[in-house]
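Trainee: I'd like to ask you about the structure that follows.
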Amino acid sequence: MIEALVQALINGVIAGTILAVPAIGFSAIFAVLNYPNFTIGSLAAAGAYAGYLANTQLGWPLALALGAAFAGAAVVGVAHEWAAVRPLQKAGALIMAIASLAGGIVVENLLRFAFGNEQRGYELPLARDIVFAEVYRIGPQQMKNFAMALCIMAAIWAFLRWTRTGRSMRAVADNRDLARLRGIEPERVAVVTVAVGAGLAGFGGMLIGLDTTLEPFMGQRLLLSIFAAAVLGGLGSIPGAVAGALLIGVVEEVSVLFINPAYKSAVAFAAILLVLTFRPAGLFGTRQG
């Protein structure tokens with residue numbers, strides 16, 4: 001039992017680290033634009049398919065295909081923001097959220113029209129699992145996905161901390177009016193934030209697709225997990241998004257030891273309800289009022 005638990009913890013940490021990538025994108029968009037962008041799941045799927053085309057049709061290696069996934073999702077995210085959400089800005093956050101949800105459905109159906117409903121996969125070499133301590137197994141692609149997720153998170157941290165654009169994003173998230181007085185244009189920062197957040201979703205979507213398969217409805221499943229991670233960590237908090245994603249990944253994998261895997265998402269959401277009962281703002285959120 002101990003060996004199975006340790007294996008579940010390993011799988012959970014890897015899964016949670018990968019989930020953290022799109023969750024960071026969702027939290028960044030929420031922090032700067034002040035509305036939940038429910039297109040994020042479909043953007044993850046769009047990025048996964050962009051990477052799939054680059055990998056299987058253009059013959060790009062996975063590292064370059066991940067760049068295509070980031071760029072493809074960023075373009076779709078910005079186009080959706082300008083066409084469907086930005087015109088409704090004066091109507092408030094709720095209407096913008098509903099528009100993003102509708103936009104996600106449109107993107108999902110465009111993917112179905114373009115690629116069909118069948119499952120697809122990347123061109124990956126066959127490789128044996130890595131075995132350590134003669135008991136625990138990790139797939140080589142899992143290890144690569146884990147490493148790439150850590151690399152993109154480190155890059156985003158450096159971007160937000162050390163670049164002028166990243167500091168501008170943080171300033172707008174903290175206080176939009178004060179940022180404007182300091183010469184920062186919130187509208188331009190918002191566009192960059194959407195591009196980065198959507199790109200992270202696409203990057204994470206491809207990492208998930210590398211470990212499983214691609215199909216147009218994958219965005220629906222991812223949306224719930226991404227949103228749950230962001231809420232659990234505290235909406236708008238990037239460290240919170242990482243912590244929430246890790247917690248969800250571990251809880252889901254450990255729960256498989258005790259219940260049917262079909263119900264692991266329900267267990268994760270039960271854990272969210274438990275945490276939010278005692279800390280409504282989330283793990284890293286700040287109570288308002």
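Please note that chains go A, B, ... in the order of the structure tokens, that every chain numbers its residues from 1, and that ligands are numbered from 1 in the order shown.
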Fewer than 3 positions away in the same chain doesn't count, so skip those; otherwise give me all residues within 9 Å of Glu108 in chain A, counting only C-alpha atoms, as a list in words.

Mentor: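 Contacts, with the query itself left out: Ser42, Leu43, Ala45, Ala46, Gly103, Gly104, Ile105, Leu111, Arg112, Phe113, Pro216, Phe217, Met218, Gly219 and Gln220 of chain A.
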
Trainee: Could you name the residues that touch Ile130 in chain A at 12 Å or less, counting only C-alpha atoms, but leaving out those on the same chain fewer than 6 positions away, as a PyMOL selection string?

Mentor: chain A and resi 136-144

Trainee: Determine, counting only C-alpha atoms, which protein, DNA and RNA residues have an atom within 10 Å of an atom of Tyr52 in chain A; residues of the same chain fewer than 3 positions away are not included. Present the result as a list of chain:residue names.

Mentor: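 Everything that qualifies: A:Ala46, A:Gly47, A:Ala48, A:Tyr49, A:Asn55, A:Thr56, A:Gln57, A:Leu58, A:Gly59, A:Trp60, A:Leu62, A:Ala65, A:Leu66, A:Ala68, A:Ala69, A:Arg120, A:Gly121, A:Tyr122, A:Glu123, A:Met206, A:Gly209, A:Leu210, A:Leu214.
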
Trainee: Measure the distance from CA of Ala28 in chain A to CA of Gly197 in chain A in Å and round it to one decimal.

Mentor: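 Interatomic distance, CA of Ala28 in chain A to CA of Gly197 in chain A: 6.3 Å.
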
Trainee: Give one line per residue of range 146-211 of chain A that approaches range 85-102 of chain A to at most 12 Å, naming the two atoms of the closest pair and their distance in Å to one decimal, counting only C-alpha atoms; sort by chain then ascending residue number and deliver it as a tab-separated table.

Mentor:
residue	atom	partner	partner_atom	distance
A:Glu187	CA	A:Arg86	CA	10.2
A:Ala190	CA	A:Arg86	CA	10.3
A:Val191	CA	A:Arg86	CA	10.2
A:Val194	CA	A:Arg86	CA	11.3

Trainee: Would you compute the distance between CA of Val172 in chain A and CA of Leu222 in chain A? Give it in Å to one decimal.

Mentor: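 Interatomic distance, CA of Val172 in chain A to CA of Leu222 in chain A: 27.6 Å.
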
Trainee: Contacts of Gly240 in chain A at 9 Å or less, counting only C-alpha atoms, minus same-chain residues fewer than 5 places along, as a list of chain:residue names?

Mentor: A:Ile24, A:Ser27, A:Ala229, A:Ala230, A:Val231, A:Leu232, A:Gly233, A:Gly234, A:Leu235, A:Ala245, A:Gly282, A:Leu283, A:Phe284, A:Gly285

Trainee: Give the alpha helix (DSSP H) residues of range 96-177 of chain A, as DSSP finds them on the backbone, and put them as a VMD selection string.

Mentor: chain A and resid 96 to 115 140 to 162 164 to 174 176 to 177

Trainee: Please list as a list in words every residue within 8 Å of Ala201 in chain A, counting only C-alpha atoms and excluding residues in the same chain fewer than 5 positions away.

Mentor: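 Those residues are Val21, Pro22, Ala23, Gly25, Phe26, Ile40, Gly41, Leu43, Ala44, Gly47, Phe70 and Ala73 of chain A.
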
Trainee: Please dump the current selection as a PDB file, in the first residue's frame; keep C-alpha atoms.

Mentor:
ATOM      1  CA  VAL A  21       0.882  26.051 -16.555  1.00  0.00           C
ATOM      2  CA  PRO A  22      -2.609  26.878 -17.935  1.00  0.00           C
ATOM      3  CA  ALA A  23      -3.795  27.743 -14.411  1.00  0.00           C
ATOM      4  CA  GLY A  25      -2.463  31.822 -17.564  1.00  0.00           C
ATOM      5  CA  PHE A  26      -6.024  31.891 -16.231  1.00  0.00           C
ATOM      6  CA  ILE A  40      -9.038  28.913 -21.325  1.00  0.00           C
ATOM      7  CA  GLY A  41      -9.910  25.220 -21.786  1.00  0.00           C
ATOM      8  CA  LEU A  43      -7.429  27.689 -25.864  1.00  0.00           C
ATOM      9  CA  ALA A  44      -5.507  24.796 -24.330  1.00  0.00           C
ATOM     10  CA  GLY A  47      -2.691  25.143 -28.676  1.00  0.00           C
ATOM     11  CA  PHE A  70       2.053  28.799 -27.385  1.00  0.00           C
ATOM     12  CA  ALA A  73      -3.214  29.709 -28.634  1.00  0.00           C
TER      13      ALA A  73
END

Trainee: Need the shell around Gly16 in chain A: protein/DNA/RNA residues with any atom at most 8 Å away, counting only C-alpha atoms. Skip same-chain ones fewer than 3 positions apart. Format as a CSV table (one decimal) with N, CA and C atoms, in the first residue's frame?

Mentor:
chain,number,residue,atom,x,y,z
A,12,GLY,N,0.9,12.4,-9.1
A,12,GLY,CA,0.1,13.6,-8.8
A,12,GLY,C,0.9,14.9,-8.9
A,13,VAL,N,2.2,14.9,-8.4
A,13,VAL,CA,3.0,16.0,-8.5
A,13,VAL,C,3.3,16.4,-10.0
A,19,LEU,N,-0.6,20.9,-14.9
A,19,LEU,CA,-1.9,21.7,-14.8
A,19,LEU,C,-1.6,23.1,-14.4
A,20,ALA,N,-0.5,23.3,-13.7
A,20,ALA,CA,-0.2,24.7,-13.2
A,20,ALA,C,0.0,25.6,-14.3
A,242,VAL,N,-0.3,27.7,-8.8
A,242,VAL,CA,0.6,26.6,-8.8
A,242,VAL,C,0.3,25.7,-7.6
A,245,ALA,N,-3.0,23.8,-8.3
A,245,ALA,CA,-2.9,22.7,-9.3
A,245,ALA,C,-2.2,21.5,-8.7
A,246,LEU,N,-1.1,21.8,-7.9
A,246,LEU,CA,-0.4,20.7,-7.3
A,246,LEU,C,-1.3,19.9,-6.4
A,247,LEU,N,-2.1,20.6,-5.6
A,247,LEU,CA,-3.0,19.9,-4.6
A,247,LEU,C,-4.1,19.1,-5.4
A,248,ILE,N,-4.6,19.6,-6.5
A,248,ILE,CA,-5.6,18.9,-7.2
A,248,ILE,C,-5.0,17.7,-7.9
A,249,GLY,N,-3.8,17.8,-8.4
A,249,GLY,CA,-3.1,16.7,-9.0
A,249,GLY,C,-2.9,15.6,-8.1
A,250,VAL,N,-2.4,15.9,-6.9
A,250,VAL,CA,-2.1,14.9,-5.9
A,250,VAL,C,-3.4,14.2,-5.4

Trainee: Nearest to Val267 in chain A among A:Val131, A:Leu178, A:Ala243, A:Ala228, with distances taken over only C-alpha atoms: which residue is it?

Mentor: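 Smallest separation from Val267 in chain A among the options: A:Ala228.
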
Trainee: List every residue of range 33-272 of chain A that DSSP, applied to the backbone of this structure, places in strand (DSSP E or B), and write the result as a ChimeraX atom specification.

Mentor: /A:120,130-132,136-138,214

Trainee: Using only C-alpha atoms, find the one residue out of A:Ala147, A:Leu64, A:Leu223, A:Ile259 that sits nearest to Asn37 in chain A.

Mentor: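 Nearest candidate to Asn37 in chain A out of A:Ala147, A:Leu64, A:Leu223, A:Ile259: A:Leu223.
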
Trainee: Using only C-alpha atoms for the distances, tell me which of A:Leu5, A:Phe258, A:Thr213, A:Thr277 is nearest to Asn117 in chain A.

Mentor: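 Under the stated criterion, the closest residue is A:Thr213.
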